[in-house]
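Here's structure22.txt, which has compact mmCIF, C-alpha atoms and all ligand atoms:
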```txt
# COMPACT_ATOMS: atom_id res chain seq x y z
CA MET F 46 0.30 38.59 53.11
CA SER F 47 -2.26 37.68 50.50
CA LEU F 48 -1.69 36.69 46.90
CA SER F 49 -4.48 37.39 44.47
CA ILE F 50 -4.56 36.03 40.94
CA GLN F 51 -7.19 37.40 38.60
CA ASN F 52 -8.21 36.07 35.19
CA LEU F 53 -4.80 34.81 34.09
CA ASN F 54 -4.46 33.60 30.53
CA LYS F 55 -1.45 32.09 28.80
CA ARG F 56 -1.23 30.57 25.33
CA PHE F 57 1.60 28.69 23.68
CA GLY F 58 0.62 28.82 19.99
CA THR F 59 -2.83 27.24 19.86
CA GLN F 60 -2.40 25.63 23.30
CA HIS F 61 -4.39 27.44 25.98
CA ALA F 62 -2.06 26.56 28.89
CA LEU F 63 -3.97 28.76 31.36
CA ALA F 64 -7.59 29.74 30.73
CA ASP F 65 -8.98 32.45 32.96
CA ILE F 66 -7.38 31.37 36.24
CA SER F 67 -8.38 33.22 39.40
CA LEU F 68 -7.39 32.24 42.93
CA THR F 69 -6.27 33.73 46.21
CA LEU F 70 -3.78 32.55 48.81
CA GLY F 71 -4.01 33.87 52.36
CA ALA F 72 -1.50 34.32 55.16
CA SER F 73 -0.01 30.99 56.36
CA GLU F 74 -2.05 29.03 53.83
CA PHE F 75 -0.64 25.92 52.09
CA VAL F 76 -2.17 25.61 48.64
CA CYS F 77 -1.47 22.69 46.31
CA LEU F 78 -1.94 23.01 42.57
CA LEU F 79 -2.96 19.46 41.66
CA GLY F 80 -3.55 18.03 38.22
CA PRO F 81 -2.26 15.70 35.53
CA SER F 82 0.82 16.35 33.43
CA GLY F 83 0.35 19.28 31.07
CA CYS F 84 -2.63 20.86 32.85
CA GLY F 85 -0.77 24.16 33.40
CA LYS F 86 0.46 23.90 37.01
CA THR F 87 4.07 24.83 36.34
CA THR F 88 3.09 27.60 33.94
CA LEU F 89 0.96 29.15 36.69
CA LEU F 90 3.76 28.82 39.25
CA ARG F 91 6.30 30.38 36.88
CA ILE F 92 4.04 33.34 36.16
CA ILE F 93 3.55 33.93 39.90
CA ALA F 94 7.33 33.67 40.40
CA GLY F 95 7.88 36.27 37.66
CA LEU F 96 9.80 33.79 35.49
CA MET F 97 7.20 33.99 32.71
CA GLN F 98 4.74 36.63 31.49
CA ALA F 99 1.00 36.03 31.28
CA ASP F 100 -0.88 37.11 28.14
CA SER F 101 -3.51 38.79 30.30
CA GLY F 102 -4.68 38.91 33.91
CA THR F 103 -2.97 40.06 37.09
CA VAL F 104 -0.89 38.71 39.96
CA GLY F 105 -1.18 40.90 43.05
CA LEU F 106 0.51 40.78 46.44
CA ASP F 107 -1.34 42.62 49.20
CA GLY F 108 -3.15 44.66 46.59
CA ARG F 109 0.00 45.55 44.63
CA ASP F 110 0.23 44.45 40.97
CA LEU F 111 3.48 42.49 40.48
CA ALA F 112 3.57 42.73 36.67
CA ALA F 113 6.48 45.16 36.55
CA LEU F 114 8.47 43.48 39.33
CA PRO F 115 11.25 41.11 38.14
CA ALA F 116 11.50 37.66 39.77
CA ARG F 117 14.54 38.57 41.90
CA ASP F 118 12.71 41.53 43.45
CA ARG F 119 9.56 39.63 44.40
CA GLY F 120 11.08 38.19 47.56
CA PHE F 121 9.72 34.68 46.93
CA GLY F 122 11.52 31.44 47.79
CA ILE F 123 11.47 28.84 45.01
CA VAL F 124 12.30 25.12 45.09
CA PHE F 125 12.25 23.04 41.91
CA GLN F 126 12.01 19.31 41.36
CA SER F 127 15.64 18.96 40.30
CA TYR F 128 17.72 19.98 43.26
CA SER F 129 19.32 22.84 41.31
CA LEU F 130 21.94 23.51 43.97
CA PHE F 131 25.19 25.17 42.91
CA PRO F 132 27.47 22.12 42.62
CA HIS F 133 30.70 23.99 43.37
CA MET F 134 29.34 25.41 46.64
CA THR F 135 28.95 23.59 49.96
CA ALA F 136 25.53 23.15 51.55
CA ALA F 137 26.26 26.12 53.82
CA GLN F 138 27.38 28.30 50.90
CA ASN F 139 24.26 27.33 48.94
CA ILE F 140 22.05 28.31 51.85
CA ALA F 141 23.90 31.60 52.35
CA TYR F 142 23.77 32.50 48.65
CA GLY F 143 20.73 34.81 48.78
CA LEU F 144 22.01 36.50 51.93
CA LYS F 145 25.40 37.14 50.33
CA ILE F 146 23.71 38.75 47.31
CA ARG F 147 21.84 40.99 49.74
CA LYS F 148 25.14 41.85 51.40
CA THR F 149 24.02 40.53 54.78
CA ALA F 150 26.83 40.81 57.36
CA PRO F 151 28.97 37.62 57.53
CA ALA F 152 28.12 36.98 61.20
CA ALA F 153 24.38 37.19 60.47
CA GLN F 154 24.88 34.89 57.47
CA ALA F 155 26.63 32.29 59.63
CA GLU F 156 23.89 32.53 62.25
CA ALA F 157 21.16 32.08 59.63
CA VAL F 158 22.95 29.12 58.02
CA ALA F 159 23.32 27.35 61.38
CA ARG F 160 19.65 27.95 62.20
CA LEU F 161 18.47 26.74 58.79
CA LEU F 162 20.72 23.66 58.81
CA ALA F 163 19.10 22.74 62.14
CA LEU F 164 15.63 23.47 60.77
CA VAL F 165 16.10 21.03 57.88
CA ARG F 166 17.93 18.56 60.11
CA LEU F 167 21.30 18.78 58.43
CA GLU F 168 23.41 19.87 61.38
CA GLY F 169 27.03 18.98 60.81
CA LEU F 170 26.65 18.60 57.02
CA GLY F 171 27.14 22.25 56.07
CA ASP F 172 30.62 21.61 54.61
CA ARG F 173 29.48 18.89 52.23
CA TYR F 174 29.14 19.55 48.50
CA PRO F 175 25.86 18.60 46.78
CA ALA F 176 27.49 15.51 45.21
CA GLN F 177 28.26 14.27 48.75
CA LEU F 178 24.61 14.48 49.81
CA SER F 179 21.68 12.14 49.13
CA GLY F 180 18.75 13.35 47.04
CA GLY F 181 16.64 13.96 50.13
CA GLN F 182 19.47 15.90 51.80
CA GLN F 183 20.01 18.00 48.67
CA GLN F 184 16.34 18.89 48.62
CA ARG F 185 16.55 19.90 52.28
CA VAL F 186 19.39 22.24 51.37
CA ALA F 187 17.27 23.65 48.52
CA ILE F 188 14.41 24.27 50.97
CA ALA F 189 16.78 25.92 53.47
CA ARG F 190 18.20 28.09 50.67
CA ALA F 191 14.70 29.19 49.69
CA LEU F 192 13.85 30.02 53.32
CA ALA F 193 17.09 31.92 53.99
CA VAL F 194 15.85 35.14 52.45
CA GLU F 195 12.72 35.03 54.66
CA PRO F 196 10.42 34.90 51.65
CA SER F 197 6.93 36.36 51.74
CA LEU F 198 5.79 33.36 49.68
CA LEU F 199 7.26 29.88 49.15
CA LEU F 200 6.82 28.37 45.68
CA LEU F 201 7.49 24.64 45.36
CA ASP F 202 7.45 22.85 41.99
CA GLU F 203 7.18 19.10 42.62
CA PRO F 204 9.98 19.34 45.21
CA LEU F 205 9.61 15.75 46.39
CA SER F 206 8.94 13.87 43.17
CA ALA F 207 12.54 12.86 42.44
CA LEU F 208 12.86 11.16 45.84
CA ASP F 209 12.17 7.53 46.65
CA ALA F 210 8.89 6.72 48.41
CA ARG F 211 10.15 6.54 52.00
CA VAL F 212 12.34 9.65 51.87
CA ARG F 213 9.49 11.42 50.15
CA ALA F 214 6.93 10.52 52.81
CA GLY F 215 9.29 11.65 55.60
CA LEU F 216 10.22 14.94 53.97
CA ARG F 217 6.58 15.62 53.13
CA HIS F 218 5.70 15.40 56.78
CA GLU F 219 8.61 17.64 57.77
CA LEU F 220 7.76 20.16 55.10
CA ARG F 221 4.26 20.53 56.46
CA GLU F 222 5.52 20.93 60.04
CA MET F 223 8.08 23.49 58.96
CA GLN F 224 5.53 25.46 56.95
CA GLN F 225 3.10 25.53 59.86
CA ARG F 226 5.79 26.53 62.33
CA LEU F 227 7.10 29.36 60.15
CA GLY F 228 3.64 30.35 58.89
CA ILE F 229 4.93 31.07 55.38
CA PRO F 230 2.21 31.05 52.72
CA THR F 231 3.11 28.26 50.33
CA LEU F 232 2.05 27.25 46.84
CA MET F 233 3.14 23.80 45.74
CA VAL F 234 2.73 22.05 42.41
CA THR F 235 2.10 18.32 42.47
CA HIS F 236 0.40 15.65 40.40
CA ASP F 237 0.20 13.36 43.43
CA GLN F 238 -3.27 13.41 44.98
CA GLU F 239 -2.15 11.83 48.26
CA GLU F 240 0.64 14.38 48.63
CA ALA F 241 -1.82 17.22 48.07
CA MET F 242 -4.27 15.71 50.59
CA GLU F 243 -1.57 15.44 53.26
CA LEU F 244 -0.06 18.88 52.78
CA ALA F 245 -2.71 21.29 51.61
CA ASP F 246 -5.16 23.52 53.40
CA THR F 247 -6.60 24.16 49.95
CA ILE F 248 -6.28 22.01 46.86
CA VAL F 249 -6.70 23.70 43.49
CA CYS F 250 -7.52 20.89 41.07
CA MET F 251 -6.62 21.79 37.48
CA ASN F 252 -7.45 20.23 34.15
CA ASN F 253 -6.56 21.54 30.69
CA GLY F 254 -5.53 24.97 31.89
CA ARG F 255 -8.64 25.53 34.01
CA ILE F 256 -9.50 25.23 37.67
CA GLU F 257 -12.03 22.43 38.05
CA GLN F 258 -12.51 22.95 41.78
CA ALA F 259 -10.71 24.56 44.71
CA GLY F 260 -11.33 23.80 48.36
CA PRO F 261 -10.15 21.82 51.40
CA PRO F 262 -9.03 18.23 50.63
CA ARG F 263 -12.09 16.77 52.36
CA GLU F 264 -14.44 18.81 50.20
CA LEU F 265 -12.82 17.78 46.93
CA TYR F 266 -12.80 14.14 48.00
CA LEU F 267 -16.33 13.93 49.38
CA ARG F 268 -18.03 16.66 47.34
CA PRO F 269 -16.39 16.67 43.93
CA ARG F 270 -18.26 18.99 41.62
CA THR F 271 -17.08 17.47 38.36
CA ARG F 272 -16.43 13.98 37.11
CA PHE F 273 -12.78 14.89 36.57
CA VAL F 274 -12.32 15.85 40.24
CA ALA F 275 -14.21 12.74 41.39
CA GLU F 276 -11.83 10.55 39.38
CA PHE F 277 -8.63 12.44 40.10
CA MET F 278 -9.08 12.62 43.89
CA GLY F 279 -9.08 8.84 44.35
CA HIS F 280 -11.08 5.90 43.17
CA GLY F 281 -14.73 6.75 42.78
CA ASN F 282 -17.41 4.23 41.88
CA LEU F 283 -19.49 6.32 39.48
CA LEU F 284 -23.03 5.03 39.08
CA PRO F 285 -25.76 6.23 36.73
CA ALA F 286 -29.07 7.19 38.39
CA ILE F 287 -30.90 3.85 37.98
CA GLU F 288 -28.13 1.85 39.60
CA ALA F 289 -27.53 4.59 42.14
CA ALA F 290 -31.17 4.27 43.24
CA LEU F 291 -30.62 0.60 44.09
CA LEU F 292 -27.65 1.44 46.28
CA LEU F 293 -29.24 4.52 47.84
CA ALA F 294 -32.13 2.33 48.98
CA THR F 295 -29.62 0.59 51.24
CA ALA F 296 -28.23 3.82 52.76
CA PRO F 297 -28.50 4.24 56.54
CA ASP F 298 -31.25 6.86 56.28
CA ALA F 299 -33.06 5.14 53.42
CA ALA F 300 -36.25 5.12 55.49
CA ASP F 301 -36.26 8.93 55.41
CA ALA F 302 -37.52 10.58 52.28
CA GLN F 303 -34.70 10.43 49.74
CA PRO F 304 -34.23 13.57 47.70
CA ALA F 305 -35.37 13.13 44.09
CA LEU F 306 -32.66 11.50 42.00
CA PRO F 307 -31.22 13.72 39.31
CA ARG F 308 -32.18 12.40 35.86
CA ASP F 309 -28.65 12.59 34.63
CA GLY F 310 -25.45 12.68 36.56
CA LEU F 311 -23.44 10.02 38.34
CA LEU F 312 -23.41 9.08 42.00
CA CYS F 313 -19.82 9.08 43.30
CA VAL F 314 -19.33 6.41 45.95
CA ARG F 315 -15.87 6.11 47.47
CA PRO F 316 -14.67 2.51 48.06
CA GLU F 317 -14.72 2.87 51.86
CA HIS F 318 -18.38 3.89 51.71
CA LEU F 319 -19.46 0.51 50.36
CA ARG F 320 -20.42 -2.17 52.86
CA LEU F 321 -20.32 -5.84 51.91
CA LEU F 322 -22.57 -8.39 53.59
CA PRO F 323 -21.93 -12.08 52.86
CA ARG F 324 -25.08 -13.60 51.36
CA GLN F 325 -25.61 -16.55 49.08
CA GLY F 326 -27.25 -15.34 45.90
CA GLY F 327 -26.36 -11.68 46.66
CA ALA F 328 -26.14 -9.29 43.69
CA GLY F 329 -22.38 -8.84 44.08
CA ARG F 330 -19.73 -11.42 43.26
CA ILE F 331 -16.17 -10.89 44.51
CA ARG F 332 -13.64 -10.95 41.69
CA ALA F 333 -10.41 -10.23 43.51
CA VAL F 334 -9.15 -9.29 46.96
CA VAL F 335 -5.98 -7.34 47.77
CA PHE F 336 -5.04 -7.66 51.43
CA LEU F 337 -3.20 -4.55 52.68
CA GLY F 338 -3.07 -5.31 56.41
CA ALA F 339 -5.40 -2.90 58.14
CA ARG F 340 -7.42 -2.49 54.94
CA GLN F 341 -8.31 -4.59 51.97
CA HIS F 342 -9.45 -3.76 48.47
CA VAL F 343 -12.26 -5.92 47.14
CA ARG F 344 -13.14 -5.83 43.44
CA LEU F 345 -16.60 -7.07 42.70
CA ALA F 346 -19.05 -7.48 39.87
CA TRP F 347 -22.39 -5.93 40.75
CA ARG F 348 -25.29 -5.74 38.30
CA GLY F 349 -22.99 -5.83 35.28
CA ARG F 350 -20.63 -3.19 36.68
CA GLU F 351 -17.28 -3.43 38.44
CA LEU F 352 -17.12 -1.82 41.89
CA LEU F 353 -14.18 -1.31 44.20
CA ALA F 354 -14.85 -1.60 47.93
CA GLU F 355 -12.40 -0.92 50.73
CA THR F 356 -13.04 -2.76 53.98
CA ASP F 357 -11.05 -3.25 57.15
CA GLY F 358 -8.81 -6.29 57.31
CA SER F 359 -10.96 -8.30 59.69
CA ILE F 360 -13.03 -10.40 57.28
CA ALA F 361 -11.20 -12.79 54.95
CA TRP F 362 -13.10 -12.10 51.72
CA GLU F 363 -12.58 -14.60 48.96
CA ALA F 364 -12.86 -14.44 45.19
CA GLY F 365 -16.08 -16.11 44.04
CA GLN F 366 -18.02 -15.25 47.21
CA THR F 367 -21.42 -13.58 46.69
CA VAL F 368 -22.39 -10.56 48.76
CA ASP F 369 -25.01 -7.88 49.19
CA VAL F 370 -23.64 -4.43 48.53
CA ALA F 371 -24.89 -1.58 50.68
CA LEU F 372 -23.97 2.02 51.42
CA ALA F 373 -22.22 2.73 54.71
CA GLN F 374 -23.30 6.35 54.86
CA ALA F 375 -26.21 8.42 53.72
CA GLU F 376 -24.67 11.29 51.80
CA HIS F 377 -22.87 11.02 48.51
CA ALA F 378 -21.97 13.44 45.76
CA TRP F 379 -23.58 13.64 42.35
CA VAL F 380 -21.35 14.70 39.51
CA PRO F 381 -22.20 15.57 35.90
CA GLU F 382 -21.59 12.76 33.40
CA THR F 383 -19.32 14.88 31.23
CA ARG F 384 -15.62 14.61 31.92
CA GLY F 385 -15.19 18.35 32.40
CA HIS F 386 -13.29 20.65 30.11
CA ALA F 387 -12.14 18.40 27.29
N1 LIG F 401 7.65 27.09 26.86
C1 LIG F 401 6.62 26.39 26.33
N2 LIG F 401 6.41 26.39 24.99
C2 LIG F 401 5.35 25.73 24.45
N3 LIG F 401 4.44 25.03 25.17
C3 LIG F 401 4.61 25.00 26.51
C4 LIG F 401 5.70 25.67 27.15
N4 LIG F 401 5.60 25.44 28.49
C5 LIG F 401 4.51 24.68 28.66
N5 LIG F 401 3.91 24.40 27.48
C6 LIG F 401 2.68 23.63 27.28
O1 LIG F 401 1.67 24.18 28.13
C7 LIG F 401 0.93 23.16 28.77
C8 LIG F 401 1.04 23.29 30.29
O2 LIG F 401 2.38 23.00 30.69
P1 LIG F 401 2.84 22.96 32.22
O3 LIG F 401 4.31 22.69 32.23
O4 LIG F 401 2.36 24.19 32.88
O5 LIG F 401 2.03 21.71 32.74
P2 LIG F 401 2.15 20.94 34.13
O6 LIG F 401 0.77 20.77 34.62
O7 LIG F 401 3.11 21.64 35.01
O8 LIG F 401 2.74 19.54 33.67
P3 LIG F 401 3.86 18.58 34.37
O9 LIG F 401 3.19 18.02 35.60
O10 LIG F 401 4.12 17.56 33.31
O11 LIG F 401 5.03 19.46 34.68
C9 LIG F 401 1.47 21.83 28.25
O12 LIG F 401 0.66 21.40 27.19
C10 LIG F 401 2.85 22.19 27.75
O13 LIG F 401 3.21 21.35 26.67
```

Represent the structure of the file as structure tokens.
Amino acid sequence: MSLSIQNLNKRFGTQHALADISLTLGASEFVCLLGPSGCGKTTLLRIIAGLMQADSGTVGLDGRDLAALPARDRGFGIVFQSYSLFPHMTAAQNIAYGLKIRKTAPAAQAEAVARLLALVRLEGLGDRYPAQLSGGQQQRVAIARALAVEPSLLLLDEPLSALDARVRAGLRHELREMQQRLGIPTLMVTHDQEEAMELADTIVCMNNGRIEQAGPPRELYLRPRTRFVAEFMGHGNLLPAIEAALLLATAPDAADAQPALPRDGLLCVRPEHLRLLPRQGGAGRIRAVVFLGARQHVRLAWRGRELLAETDGSIAWEAGQTVDVALAQAEHAWVPETRGHA
């Protein structure tokens, strides 16, 4: 199965909700659409699902244009943020719903429901109504219901965001395991960068209706191509060329010829790539320390700029201490100064 989206555009009045979006999703791939509120993620998902029409562009499945195919005939499984279960049906009846519509034989329905209840770890709870289940359990039922029809594509719209942090982290992990085991190509909308990093093979980072960058999580984190991606994928210390040169001089391969610094552009240094060395009269002064156990976040003033460093928990840094600031690795990304598509 491969999904291919070509040059999709969608306007709401003067709002360009999707501007020339193209992307592909391959067999067994988990793709996360990541971006801030209003960037067009849900609009894109709804168009793929067939719940909304694009103004122009195509959505194709294995080379077949889906434009004329209504949502119910696309064979996709969809899970929304709100649990959207049928309240008057039990968990088992919710899961069996799509199979009943397809007139699957009752014995096969019962077999599928039992298998899916086990898959989402709800054995024994099939007779409960949604109101008798926790939020996390309801969302498991919604996932099982989406999987029951053996979809060719799973579409998830912020399925975990209504859950509390612990339930969310657990279900996130299970969702990834389940997706890998079943090998169902999956497209998930999220505005949570950590969630996208944990789940996705490919992150599609969106801003203002456009794709800023698409690639594996590591690539977007370490090689952001725009300032927007650098800032959205986690804290980035963004340094103009003159200050960057001072830090680059401390990089592990500084003795080798450094490539010429770009005249404009910002060096993106992730907090864990900064190394602090205690030294009286050093150029950095520690402003604040947040101890997180295995890690700690150290805010420091350095040459008139605030930097965030992340170190392991072994050294007890203290506010007021002066330090030298160095780079822990040689390679860092340069991004344009502009914020991307404003
Ligand atoms: N039916 C609609 N009518 C008018 N404008 C809409 C409609 N649906 C979405 N929009 C606008 O299109 C833009 C993209 O919306 P969309 O819901 O796709 O964003 P999103 O990235 O999913 O945001 P969120 O994370 O808040 O759900 C927003 O500016 C939104 O206000």

* **Which residue of F:Gln225, F:Ser101, F:Asn252, F:Ser49 approaches ligand LIG 401 (chain F) most closely, using all atoms listed in the file** =>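 When distances to ligand LIG 401 (chain F) are compared using all atoms listed in the file, the smallest one comes from F:Asn252.
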
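Comparing the minimum interatomic distances between Ala157 (chain F) and each of F:Glu195, F:Asp309, F:Asp100, F:Asp65, counting all atoms listed in the file, we find that F:Glu195 sits nearest.
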
| said: Could you list, as a PyMOL selection string, every residue within 12 Å of region 268-278 of chain F, counting only C-alpha atoms and ignoring same-chain residues fewer than 6 positions away? | reply: chain F and resi 79-81+236-242+248-253+255-262+284+310-315+376-387

Neighbouring residues of Arg350 (chain F) were defined as those with any atom within 10 Å, considering only C-alpha atoms; residues of the same chain fewer than 5 positions away were excluded. Please report them as number ranges by chain. F: 282-284, 288, 329, 345

9 Å shell around ligand LIG 401 (chain F) using all atoms listed in the file, listed as a short mmCIF file (atom, residue, chain, number, x, y, z; two decimals) with C-alpha atoms, in the coordinates of the input:
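See result.cif below for the written result:
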```
data_model
loop_
_atom_site.label_atom_id
_atom_site.label_comp_id
_atom_site.auth_asym_id
_atom_site.auth_seq_id
_atom_site.Cartn_x
_atom_site.Cartn_y
_atom_site.Cartn_z
CA LYS F 55 -1.45 32.09 28.80
CA ARG F 56 -1.23 30.57 25.33
CA PHE F 57 1.60 28.69 23.68
CA GLY F 58 0.62 28.82 19.99
CA GLN F 60 -2.40 25.63 23.30
CA HIS F 61 -4.39 27.44 25.98
CA ALA F 62 -2.06 26.56 28.89
CA LEU F 63 -3.97 28.76 31.36
CA LEU F 78 -1.94 23.01 42.57
CA LEU F 79 -2.96 19.46 41.66
CA GLY F 80 -3.55 18.03 38.22
CA PRO F 81 -2.26 15.70 35.53
CA SER F 82 0.82 16.35 33.43
CA GLY F 83 0.35 19.28 31.07
CA CYS F 84 -2.63 20.86 32.85
CA GLY F 85 -0.77 24.16 33.40
CA LYS F 86 0.46 23.90 37.01
CA THR F 87 4.07 24.83 36.34
CA THR F 88 3.09 27.60 33.94
CA LEU F 89 0.96 29.15 36.69
CA LEU F 90 3.76 28.82 39.25
CA ARG F 91 6.30 30.38 36.88
CA ASP F 202 7.45 22.85 41.99
CA GLU F 203 7.18 19.10 42.62
CA VAL F 234 2.73 22.05 42.41
CA THR F 235 2.10 18.32 42.47
CA HIS F 236 0.40 15.65 40.40
CA MET F 251 -6.62 21.79 37.48
CA ASN F 252 -7.45 20.23 34.15
CA ASN F 253 -6.56 21.54 30.69
CA GLY F 254 -5.53 24.97 31.89
#
```

Among F:Arg226, F:Arg185, F:Lys148, F:Arg109, Arg213 (chain F) is approached most closely, using all atoms listed in the file, by F:Arg185

Around the point (29.8, 27.3, 49.5) in the file's coordinates, collect all residues with an atom within 12 Å, using all atoms listed in the file, and return them as a PDB file with C-alpha atoms, in the frame of the given file.
```pdb
ATOM      1  CA  LEU F 130      21.940  23.510  43.970  1.00  0.00           C
ATOM      2  CA  PHE F 131      25.190  25.170  42.910  1.00  0.00           C
ATOM      3  CA  PRO F 132      27.470  22.120  42.620  1.00  0.00           C
ATOM      4  CA  HIS F 133      30.700  23.990  43.370  1.00  0.00           C
ATOM      5  CA  MET F 134      29.340  25.410  46.640  1.00  0.00           C
ATOM      6  CA  THR F 135      28.950  23.590  49.960  1.00  0.00           C
ATOM      7  CA  ALA F 136      25.530  23.150  51.550  1.00  0.00           C
ATOM      8  CA  ALA F 137      26.260  26.120  53.820  1.00  0.00           C
ATOM      9  CA  GLN F 138      27.380  28.300  50.900  1.00  0.00           C
ATOM     10  CA  ASN F 139      24.260  27.330  48.940  1.00  0.00           C
ATOM     11  CA  ILE F 140      22.050  28.310  51.850  1.00  0.00           C
ATOM     12  CA  ALA F 141      23.900  31.600  52.350  1.00  0.00           C
ATOM     13  CA  TYR F 142      23.770  32.500  48.650  1.00  0.00           C
ATOM     14  CA  GLY F 143      20.730  34.810  48.780  1.00  0.00           C
ATOM     15  CA  LYS F 145      25.400  37.140  50.330  1.00  0.00           C
ATOM     16  CA  ALA F 155      26.630  32.290  59.630  1.00  0.00           C
ATOM     17  CA  VAL F 158      22.950  29.120  58.020  1.00  0.00           C
ATOM     18  CA  LEU F 170      26.650  18.600  57.020  1.00  0.00           C
ATOM     19  CA  GLY F 171      27.140  22.250  56.070  1.00  0.00           C
ATOM     20  CA  ASP F 172      30.620  21.610  54.610  1.00  0.00           C
ATOM     21  CA  ARG F 173      29.480  18.890  52.230  1.00  0.00           C
ATOM     22  CA  TYR F 174      29.140  19.550  48.500  1.00  0.00           C
ATOM     23  CA  PRO F 175      25.860  18.600  46.780  1.00  0.00           C
ATOM     24  CA  VAL F 186      19.390  22.240  51.370  1.00  0.00           C
ATOM     25  CA  ARG F 190      18.200  28.090  50.670  1.00  0.00           C
TER      26      ARG F 190
END
```

Query - Neighbour list for Leu322 (chain F) as a PyMOL selection string, cut-off 12 Å, all atoms listed in the file, skip fewer than 6 positions in-chain - result: chain F and resi 295+328-331+354+356+360+362+366-373

Per-axis box centre and lengths in Å around region 249-253 of chain F, 4 Å margin per side, axis-aligned, as JSON:
```
{"center_x": -7.0, "center_y": 22.0, "center_z": 37.1, "size_x": 9.0, "size_y": 11.5, "size_z": 20.8}
```

Report as a short mmCIF file (atom, residue, chain, number, x, y, z; two decimals) with C-alpha atoms, keeping the file's coordinate frame all protein, DNA and RNA residues lying within 9 Å of Arg217 (chain F), evaluated on only C-alpha atoms, omitting residues in the same chain fewer than 3 positions from it.
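Full text of around-v7.cif as output:
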```cif
data_model
loop_
_atom_site.label_atom_id
_atom_site.label_comp_id
_atom_site.auth_asym_id
_atom_site.auth_seq_id
_atom_site.Cartn_x
_atom_site.Cartn_y
_atom_site.Cartn_z
CA LEU F 205 9.61 15.75 46.39
CA VAL F 212 12.34 9.65 51.87
CA ARG F 213 9.49 11.42 50.15
CA ALA F 214 6.93 10.52 52.81
CA LEU F 220 7.76 20.16 55.10
CA ARG F 221 4.26 20.53 56.46
CA GLU F 222 5.52 20.93 60.04
CA GLU F 240 0.64 14.38 48.63
CA GLU F 243 -1.57 15.44 53.26
CA LEU F 244 -0.06 18.88 52.78
#
```

One residue among F:Gly122, F:Phe336, F:Gln154, F:Ala245 is nearest to His218 (chain F) when using only C-alpha atoms, and that residue is F:Ala245

Distance of CA of Val165 (chain F) from CA of Gln224 (chain F), expressed in Å to one decimal place:
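We find that CA of Gln224 (chain F) and CA of Val165 (chain F) lie 11.5 Å from each other.
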
In terms of only C-alpha atoms, the residue from F:Leu232, F:Ile188, F:Ala193, F:Met223 at minimal distance from Leu68 (chain F) is F:Leu232

Next on the checklist: Which residues are near Ile229 (chain F)? Cut-off 7 Å, all atoms listed in the file, ignore same chain within fewer than 5 positions. Put them as a PyMOL selection string.
Outcome noted: chain F and resi 73+197-199+224

Requested in this report: Using all atoms listed in the file, find the one residue out of F:Ala375, F:Leu337, F:Leu111, F:Ile93 that sits nearest to Thr231 (chain F).
Outcome: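 Smallest distance to Thr231 (chain F) is found for F:Ile93.
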
One decimal place gives the CA of Arg332 (chain F)-CA of Ala361 (chain F) separation as 13.6 Å
